[in-house]
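**Q** Got a file for you: model13.txt, compact mmCIF, C-alpha atoms.
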# COMPACT_ATOMS: atom_id res chain seq x y z
CA MET A 1 222.72 163.15 144.69
CA ASN A 2 222.86 165.47 147.66
CA VAL A 3 226.38 166.63 148.48
CA ILE A 4 225.77 169.43 150.94
CA TYR A 5 222.27 169.84 152.21
CA LYS A 6 220.24 171.28 155.03
CA ILE A 7 218.51 168.84 157.34
CA SER A 8 215.54 168.44 159.65
CA SER A 9 213.44 171.57 159.21
CA PHE A 10 216.07 172.99 156.86
CA LEU A 11 215.52 173.53 153.16
CA ILE A 12 217.11 170.65 151.24
CA LEU A 13 219.64 171.85 148.68
CA THR A 14 221.43 169.68 146.15
CA ILE A 15 224.83 170.89 145.03
CA PHE A 16 225.54 168.73 142.04
CA SER A 17 222.05 169.00 140.61
CA HIS A 18 220.68 172.43 141.46
CA ILE A 19 221.58 175.51 143.43
CA GLY A 20 218.62 177.82 143.22
CA GLN A 21 217.87 177.98 139.49
CA CYS A 22 221.44 177.24 138.40
CA LYS A 23 222.28 173.71 137.28
CA ILE A 24 225.85 172.53 137.81
CA GLN A 25 227.24 169.45 136.07
CA ILE A 26 230.29 167.90 137.73
CA ASN A 27 232.37 164.93 136.65
CA GLU A 28 233.54 163.33 139.89
CA ASN A 29 236.79 162.23 138.25
CA SER A 30 237.66 165.73 137.10
CA ASN A 31 239.40 168.62 138.78
CA HIS A 32 236.24 170.70 138.57
CA VAL A 33 235.81 173.38 141.23
CA ALA A 34 232.23 174.06 142.31
CA SER A 35 230.70 176.74 144.51
CA TYR A 36 228.20 176.54 147.35
CA PRO A 37 226.46 179.65 148.78
CA LEU A 38 226.56 179.36 152.57
CA LEU A 39 224.36 182.41 153.21
CA MET A 40 221.94 183.70 155.80
CA PRO A 41 218.41 182.74 154.69
CA ASN A 42 217.09 186.31 154.29
CA VAL A 43 217.08 187.14 158.00
CA SER A 44 215.81 190.39 159.50
CA PRO A 45 217.67 190.98 162.79
CA LYS A 46 215.92 193.41 165.12
CA VAL A 47 218.25 193.31 168.14
CA PRO A 48 221.65 195.12 168.07
CA GLU A 49 224.72 192.96 168.69
CA LEU A 50 222.86 189.85 167.55
CA TYR A 51 224.82 186.74 166.53
CA LEU A 52 222.95 184.45 164.13
CA CYS A 53 223.96 180.97 162.96
CA THR A 54 222.74 178.81 160.07
CA PRO A 55 224.04 175.30 159.21
CA VAL A 56 224.57 172.95 156.30
CA ARG A 57 225.22 169.24 156.59
CA VAL A 58 228.02 167.72 154.50
CA ASP A 59 227.44 164.42 152.73
CA SER A 60 229.31 161.69 154.63
CA SER A 61 229.66 159.38 151.63
CA LYS A 62 232.57 161.33 150.09
CA ASP A 63 235.45 163.61 151.01
CA TYR A 64 235.25 167.22 149.86
CA TYR A 65 238.01 169.82 149.89
CA ILE A 66 237.26 173.52 150.39
CA ILE A 67 239.92 175.49 148.53
CA GLY A 68 238.52 179.03 148.54
CA PHE A 69 236.26 181.44 150.43
CA GLU A 70 234.45 184.30 148.68
CA PRO A 71 232.67 186.65 151.10
CA ASN A 72 229.22 188.01 150.27
CA ALA A 73 228.96 190.82 152.84
CA THR A 74 229.84 194.40 153.67
CA MET A 75 230.98 195.88 156.96
CA GLN A 76 227.97 198.20 156.88
CA THR A 77 225.79 195.13 157.44
CA ALA A 78 227.94 192.48 159.12
CA HIS A 79 230.44 193.26 161.87
CA HIS A 80 232.16 189.92 161.29
CA MET A 81 231.50 186.38 160.06
CA LEU A 82 232.89 183.00 161.08
CA ILE A 83 232.55 179.56 159.53
CA TYR A 84 232.73 176.70 162.00
CA GLY A 85 233.33 173.07 161.21
CA CYS A 86 231.29 170.91 163.59
CA THR A 87 230.67 167.29 164.38
CA LYS A 88 227.20 168.43 165.45
CA PRO A 89 225.60 171.87 165.07
CA GLY A 90 224.46 173.83 168.10
CA SER A 91 220.79 173.55 167.12
CA SER A 92 218.51 171.53 164.87
CA LYS A 93 216.86 174.76 163.71
CA SER A 94 217.59 176.43 160.39
CA ILE A 95 218.64 179.60 162.25
CA TRP A 96 219.39 180.40 165.88
CA ASN A 97 220.96 182.98 168.16
CA CYS A 98 224.57 181.85 168.71
CA GLY A 99 225.81 184.78 170.79
CA GLU A 100 227.63 182.57 173.30
CA MET A 101 228.67 185.50 175.48
CA THR A 102 225.18 186.89 175.80
CA ARG A 103 222.68 186.13 178.53
CA GLY A 104 219.10 184.95 178.33
CA SER A 105 217.47 182.22 176.31
CA THR A 106 216.16 184.22 173.37
CA ASP A 107 216.95 187.27 171.28
CA ASN A 108 215.01 188.27 168.18
CA GLY A 109 212.55 185.52 169.15
CA LEU A 110 215.14 182.78 168.46
CA PRO A 111 216.55 179.99 170.65
CA LEU A 112 220.04 180.51 172.07
CA ALA A 113 222.73 177.89 171.41
CA ALA A 114 226.42 177.65 170.60
CA ALA A 115 227.53 177.42 166.97
CA CYS A 116 228.51 173.77 167.49
CA SER A 117 227.40 171.26 170.10
CA GLY A 118 230.36 169.00 169.31
CA GLY A 119 233.70 169.09 167.52
CA SER A 120 233.92 172.86 167.13
CA GLN A 121 236.69 174.34 165.00
CA ILE A 122 236.98 177.58 163.03
CA ILE A 123 237.90 177.24 159.36
CA TYR A 124 237.32 180.81 158.14
CA ALA A 125 236.82 184.33 159.50
CA TRP A 126 235.96 187.66 157.87
CA ALA A 127 235.57 191.32 158.88
CA LYS A 128 236.02 194.88 157.60
CA ASN A 129 235.40 194.17 153.90
CA ALA A 130 238.12 191.51 153.63
CA LEU A 131 238.65 190.07 150.15
CA ARG A 132 238.37 186.53 148.79
CA LEU A 133 240.79 183.91 150.13
CA ASN A 134 242.26 181.24 147.86
CA LEU A 135 244.26 178.46 149.48
CA PRO A 136 247.67 177.44 148.07
CA LYS A 137 247.94 174.74 145.42
CA ASP A 138 247.17 171.23 146.70
CA VAL A 139 245.84 172.58 150.03
CA GLY A 140 242.23 172.22 151.18
CA PHE A 141 239.98 171.89 154.21
CA LYS A 142 238.83 168.28 154.16
CA VAL A 143 235.16 167.97 155.11
CA GLY A 144 232.47 165.31 154.95
CA GLY A 145 233.34 161.65 154.52
CA GLN A 146 234.72 160.24 157.77
CA THR A 147 236.17 163.57 158.91
CA LYS A 148 235.18 165.36 162.11
CA ILE A 149 233.59 168.13 160.03
CA GLN A 150 230.09 166.83 159.28
CA TYR A 151 228.43 170.26 159.41
CA LEU A 152 229.43 173.77 158.41
CA VAL A 153 227.89 176.59 160.42
CA LEU A 154 227.89 180.22 159.32
CA GLN A 155 227.88 182.79 162.13
CA VAL A 156 227.17 186.46 161.38
CA HIS A 157 227.46 189.21 163.99
CA TYR A 158 224.96 192.04 163.36
CA ALA A 159 226.31 194.90 165.46
CA HIS A 160 223.85 197.48 164.09
CA VAL A 161 220.33 196.73 162.88
CA ASP A 162 218.91 200.16 162.00
CA HIS A 163 218.57 199.31 158.31
CA PHE A 164 216.54 196.18 159.12
CA LEU A 165 213.84 197.97 161.11
CA ASP A 166 211.79 198.53 157.93
CA GLY A 167 211.61 194.78 157.36
CA SER A 168 214.62 194.51 155.03
CA THR A 169 216.37 191.15 154.98
CA ASP A 170 219.96 190.00 154.69
CA ASP A 171 221.76 187.14 152.93
CA SER A 172 225.32 187.82 154.10
CA GLY A 173 227.60 184.82 153.99
CA VAL A 174 230.37 183.09 152.07
CA PHE A 175 230.57 181.25 148.75
CA LEU A 176 232.55 178.08 149.40
CA HIS A 177 234.70 176.89 146.51
CA TYR A 178 235.35 173.17 146.72
CA THR A 179 236.44 170.14 144.75
CA LEU A 180 236.30 166.34 144.91
CA LYS A 181 239.94 166.12 143.87
CA PRO A 182 241.93 164.87 146.87
CA MET A 183 244.35 167.43 148.26
CA SER A 184 247.70 166.11 149.48
CA ASN A 185 247.88 168.81 152.17
CA GLN A 186 245.11 169.36 154.71
CA ALA A 187 244.45 172.88 156.00
CA GLY A 188 243.69 173.90 159.56
CA VAL A 189 243.25 177.03 161.66
CA TYR A 190 244.82 177.61 165.07
CA LEU A 191 243.25 180.44 167.07
CA LEU A 192 245.08 182.35 169.79
CA GLY A 193 243.05 184.68 172.02
CA THR A 194 242.82 186.19 175.47
CA GLY A 195 240.41 187.07 178.21
CA GLY A 196 241.12 189.95 180.57
CA SER A 197 240.44 193.66 180.72
CA ILE A 198 241.80 197.02 179.57
CA ARG A 199 242.14 199.75 182.16
CA ALA A 200 240.66 203.20 181.58
CA ARG A 201 242.91 205.56 179.61
CA SER A 202 245.79 203.12 179.32
CA THR A 203 247.81 201.02 176.91
CA GLU A 204 247.32 197.34 177.68
CA LEU A 205 249.23 194.35 176.32
CA MET A 206 246.98 191.30 175.95
CA GLU A 207 249.19 188.24 175.49
CA VAL A 208 248.83 184.49 175.01
CA ALA A 209 251.17 181.57 174.29
CA CYS A 210 250.87 177.77 174.03
CA SER A 211 253.31 174.96 173.26
CA LEU A 212 252.60 172.61 170.37
CA ASP A 213 252.70 169.20 172.04
CA GLU A 214 251.50 167.07 169.12
CA ASN A 215 254.00 165.14 167.02
CA LYS A 216 253.11 167.03 163.86
CA THR A 217 254.79 169.56 161.61
CA ILE A 218 252.65 172.46 160.42
CA TYR A 219 253.34 174.79 157.51
CA PRO A 220 251.85 178.26 158.11
CA PHE A 221 250.70 180.20 155.05
CA ALA A 222 248.25 182.89 156.22
CA TYR A 223 247.25 184.86 159.30
CA ARG A 224 244.40 187.08 160.38
CA VAL A 225 243.96 189.48 163.29
CA HIS A 226 240.81 190.60 165.08
CA THR A 227 240.00 193.22 167.70
CA HIS A 228 237.27 195.79 168.10
CA SER A 229 237.91 199.56 168.16
CA LEU A 230 240.70 199.71 170.79
CA GLY A 231 243.08 197.43 168.93
CA HIS A 232 246.27 199.17 167.78
CA LEU A 233 248.33 196.18 166.62
CA VAL A 234 248.13 192.38 166.75
CA SER A 235 251.29 190.32 166.31
CA GLY A 236 251.98 186.59 166.20
CA TYR A 237 255.16 184.56 166.74
CA ALA A 238 256.59 181.05 166.77
CA ILE A 239 259.21 180.53 169.50
CA GLU A 240 262.04 178.08 168.75
CA PRO A 241 262.46 175.92 171.88
CA ARG A 242 266.26 175.49 171.81
CA THR A 243 267.31 179.07 171.07
CA ASN A 244 264.24 180.97 172.37
CA GLU A 245 264.21 182.84 169.05
CA TRP A 246 260.92 184.65 168.36
CA ILE A 247 260.03 184.16 164.68
CA GLU A 248 257.50 186.70 163.41
CA LEU A 249 254.54 185.08 161.69
CA GLY A 250 252.62 188.27 161.03
CA LYS A 251 251.43 191.54 162.50
CA MET A 252 248.74 193.94 161.40
CA ASP A 253 246.74 196.98 162.41
CA PRO A 254 243.32 195.45 163.15
CA GLN A 255 241.57 198.61 161.97
CA ARG A 256 242.53 197.64 158.41
CA ALA A 257 240.68 194.94 156.46
CA GLN A 258 240.60 191.90 158.70
CA MET A 259 241.43 189.38 156.00
CA PHE A 260 243.89 186.50 155.87
CA TYR A 261 247.27 187.93 154.89
CA PRO A 262 250.37 186.03 153.64
CA ILE A 263 252.48 184.70 156.49
CA HIS A 264 255.78 186.54 157.08
CA ASN A 265 257.84 183.39 157.68
CA LYS A 266 256.73 180.19 155.96
CA ASN A 267 259.27 177.91 157.62
CA PRO A 268 257.72 174.80 159.18
CA ILE A 269 256.76 174.78 162.84
CA TYR A 270 257.60 171.62 164.75
CA GLN A 271 256.54 169.86 167.92
CA ASN A 272 257.58 171.75 171.10
CA PHE A 273 257.58 175.12 169.36
CA THR A 274 255.46 177.74 171.13
CA LEU A 275 252.90 179.90 169.33
CA ALA A 276 252.36 183.34 170.85
CA ALA A 277 250.31 186.45 170.13
CA ARG A 278 249.98 189.97 171.51
CA CYS A 279 247.29 192.60 171.06
CA THR A 280 248.35 196.15 171.86
CA MET A 281 245.24 197.97 173.03
CA ILE A 282 244.98 201.73 173.50
CA SER A 283 241.99 203.05 175.45
CA ASN A 284 240.81 206.63 175.76
CA ARG A 285 237.69 205.49 177.60
CA ASP A 286 236.90 206.54 181.15
CA ARG A 287 235.95 202.99 182.05
CA VAL A 288 237.39 199.52 182.10
CA THR A 289 236.82 197.52 178.90
CA TYR A 290 236.40 193.76 179.16
CA ILE A 291 236.71 190.96 176.63
CA GLY A 292 233.23 190.33 175.26
CA SER A 293 231.06 190.01 172.18
CA THR A 294 229.75 193.57 171.64
CA ASN A 295 231.27 196.76 170.26
CA LYS A 296 231.43 198.09 173.81
CA ASP A 297 233.69 195.15 174.66
CA GLU A 298 236.95 194.01 173.11
CA MET A 299 238.47 190.90 171.57
CA CYS A 300 242.08 189.87 171.04
CA ASN A 301 242.48 187.16 168.38
CA PHE A 302 245.27 185.93 166.11
CA TYR A 303 244.29 183.26 163.56
CA LEU A 304 247.03 181.10 162.05
CA MET A 305 246.10 179.17 158.90
CA TYR A 306 248.41 176.26 158.09
CA TYR A 307 248.59 172.89 156.38
CA VAL A 308 250.06 169.51 157.18
CA LYS A 309 251.58 167.22 154.58
CA GLY A 310 249.86 163.88 154.17
CA GLY A 311 248.23 163.87 157.59
CA GLU A 312 245.54 165.33 159.80
CA PRO A 313 245.56 168.93 161.12
CA LEU A 314 246.25 169.61 164.77
CA ASN A 315 243.82 168.16 167.28
CA ASP A 316 244.29 171.31 169.37
CA LYS A 317 242.47 174.16 167.64
CA TYR A 318 242.59 176.90 170.30
CA CYS A 319 245.02 178.62 172.66
CA PHE A 320 243.58 181.08 175.19
CA SER A 321 245.01 182.92 178.20
CA ALA A 322 243.33 184.76 181.06
CA GLY A 323 244.85 188.01 179.79
CA PRO A 324 245.65 191.10 181.87
CA PRO A 325 245.97 191.56 184.79
CA PHE A 326 246.35 187.81 185.35
CA TYR A 327 248.60 186.71 182.50
CA SER A 328 251.54 188.07 180.52
CA TRP A 329 254.53 186.67 178.67
CA LYS A 330 256.87 188.02 181.35
CA THR A 331 254.99 186.48 184.28
CA GLN A 332 255.07 183.15 182.43
CA GLY A 333 258.86 183.29 182.19
CA TYR A 334 259.29 183.79 178.45
CA ARG A 335 262.68 185.18 177.43
CA ASN A 336 263.93 187.30 174.51
CA ILE A 337 260.51 188.95 174.20
CA PRO A 338 260.51 191.37 171.23
CA ASP A 339 258.69 194.08 173.20
CA LYS A 340 259.14 196.95 170.78
CA GLU A 341 258.63 194.95 167.58
CA ALA A 342 255.51 193.21 168.89
CA SER A 343 253.76 196.55 169.45
CA THR A 344 255.09 198.56 166.49
CA MET A 345 253.90 198.12 162.91
CA GLY A 346 257.02 199.60 161.30
CA LYS A 347 257.23 199.44 157.51
CA LEU A 348 254.07 198.09 155.92
CA PRO A 349 254.45 194.71 154.20
CA ASP A 350 254.52 194.67 150.40
CA TYR A 351 251.03 193.17 150.26
CA ILE A 352 249.54 196.29 151.92
CA LYS A 353 249.04 199.47 149.92
CA GLU A 354 249.30 202.81 151.67
CA GLU A 355 245.87 204.39 152.11
Any chance you could give the structure as structure tokens?

**A**
Amino acid sequence: MNVIYKISSFLILTIFSHIGQCKIQINENSNHVASYPLLMPNVSPKVPELYLCTPVRVDSSKDYYIIGFEPNATMQTAHHMLIYGCTKPGSSKSIWNCGEMTRGSTDNGLPLAAACSGGSQIIYAWAKNALRLNLPKDVGFKVGGQTKIQYLVLQVHYAHVDHFLDGSTDDSGVFLHYTLKPMSNQAGVYLLGTGGSIRARSTELMEVACSLDENKTIYPFAYRVHTHSLGHLVSGYAIEPRTNEWIELGKMDPQRAQMFYPIHNKNPIYQNFTLAARCTMISNRDRVTYIGSTNKDEMCNFYLMYYVKGGEPLNDKYCFSAGPPFYSWKTQGYRNIPDKEASTMGKLPDYIKEE
């Protein structure tokens, strides 16, 4: 019985019978947790700043619940990794160049395509030697079955490729821990990000905010930040619509491990709340820096991981703004902005140890 397998020209893998040489026996009526290695198939990237994607198809005859993510990578090899849930993958190939912000049709001799060609959503992200992530009890990402996630696509960004020039290969990726036991709470990820630019030798505030218009209540439990080298601090908030109170969800120096950290305020977030994020960028460069995919560019991302009780996650998965100089919280009329707090780390949270 194939549970998660590669298709078309992909190598067929059976989870419940064999993974490599390891046989796994699973009783479908048990609470057994199994593991699937979603890894790069021994690739040898030759082009710096290359983004590679590889997919697996999820069996549509049953529902599966991903309850943990165990990274198999180091920051010396992989700049960052993402796992997308897709209705359809971006390519029918076993591996392709998925650097969506790059130009041209090929890099490293591979076709260029997005990670997903339909139903794209991010379910996991990793960078800077982040540790394993275990979801809370009774919370899981529901995949397969009749869900919109029929494929999982691993994306790895190879910023530097010097150690592959001798023909060495890489199997960076993530071990997915999953179960057949139904989870009463479905997990989701909401990504806030910006476009825009950072002026030479300046401090720039890159901001974004979106209202939650769906009639759903979400329960945040983890957050993750992501920038490149100019990021000083990334902070995220929920704004209460009646009082305009800014409730801190999390903030972190993005030069630390870019893992999912415990949320600062676990109170539920309701319809008509606004989710907002700010990246404080400090540039000592003599040039303008733009949002882009390479180390010479920047990114401003705040990932909010949440669950819903007894229902589906948000249909809206993303919130993006044009960023500076076109967009800011102030020009959008937001009030009670916590200017100082949103750009100052202050006392480190208890879950961070002083280095």

**Q** Could you check the closest approach to Gly140 (chain A) for each of A:Gly310, A:Trp246, A:Asp297, A:Tyr290 and tell me which residue wins, using all atoms listed in the file?

**A**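 Using all atoms listed in the file, the shortest distance to Gly140 (chain A) belongs to A:Gly310.
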
**Q** Return the single residue from A:Gly196, A:Gly250, A:Gly346, A:Gly188 that is closest to Phe326 (chain A), with distances computed using only C-alpha atoms.

**A**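 Looking at the shortest contact to Phe326 (chain A), the residue is A:Gly196.
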
**Q** What lies within 7 Å of Trp329 (chain A) using all atoms listed in the file, ignoring chain neighbours under 4 positions off, as a PDB file with C-alpha atoms, in the coordinates of the input?

**A**
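Contents of selection.pdb, as written:
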ATOM      1  CA  GLU A 207     249.190 188.240 175.490  1.00  0.00           C
ATOM      2  CA  GLY A 333     258.860 183.290 182.190  1.00  0.00           C
ATOM      3  CA  TYR A 334     259.290 183.790 178.450  1.00  0.00           C
TER       4      TYR A 334
END

**Q** Rounded to one decimal in Å, what is the spacing between CA of Ser35 (chain A) and CA of Tyr64 (chain A)?

**A**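 One can read the CA of Ser35 (chain A) to CA of Tyr64 (chain A) distance as 11.8 Å.
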
**Q** So which residues touch Ala130 (chain A) within 8 Å, counting only C-alpha atoms, skipping near sequence neighbours fewer than 3 positions away, as a ChimeraX atom specification?

**A** /A:71,126-127,257-260

**Q** Go through A:Ser117, A:Gln76, A:Asn272, A:Ser229 one by one, measure the shortest atom-to-atom distance of each to Cys98 (chain A) using only C-alpha atoms, and give the residue with the smallest value.

**A** A:Ser117

**Q** Please determine, counting only C-alpha atoms, which residue among A:Pro262, A:Pro338, A:Gly85, A:Pro313 has the shortest atom-to-atom distance to Ile122 (chain A).

**A**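 Closest to Ile122 (chain A), using only C-alpha atoms: A:Gly85.
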
**Q** Counting all atoms listed in the file, write as a CSV table (one decimal) with C-alpha atoms, in the frame of the given file all protein and nucleic acid residues lying at most 10 Å from (223.9, 196.4, 160.9) in the file's frame.

**A**
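As a result, selection.csv now contains:
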chain,number,residue,atom,x,y,z
A,45,PRO,CA,217.7,191.0,162.8
A,46,LYS,CA,215.9,193.4,165.1
A,47,VAL,CA,218.2,193.3,168.1
A,48,PRO,CA,221.6,195.1,168.1
A,49,GLU,CA,224.7,193.0,168.7
A,50,LEU,CA,222.9,189.8,167.6
A,74,THR,CA,229.8,194.4,153.7
A,75,MET,CA,231.0,195.9,157.0
A,76,GLN,CA,228.0,198.2,156.9
A,77,THR,CA,225.8,195.1,157.4
A,78,ALA,CA,227.9,192.5,159.1
A,79,HIS,CA,230.4,193.3,161.9
A,157,HIS,CA,227.5,189.2,164.0
A,158,TYR,CA,225.0,192.0,163.4
A,159,ALA,CA,226.3,194.9,165.5
A,160,HIS,CA,223.8,197.5,164.1
A,161,VAL,CA,220.3,196.7,162.9
A,162,ASP,CA,218.9,200.2,162.0
A,163,HIS,CA,218.6,199.3,158.3
A,164,PHE,CA,216.5,196.2,159.1
A,170,ASP,CA,220.0,190.0,154.7
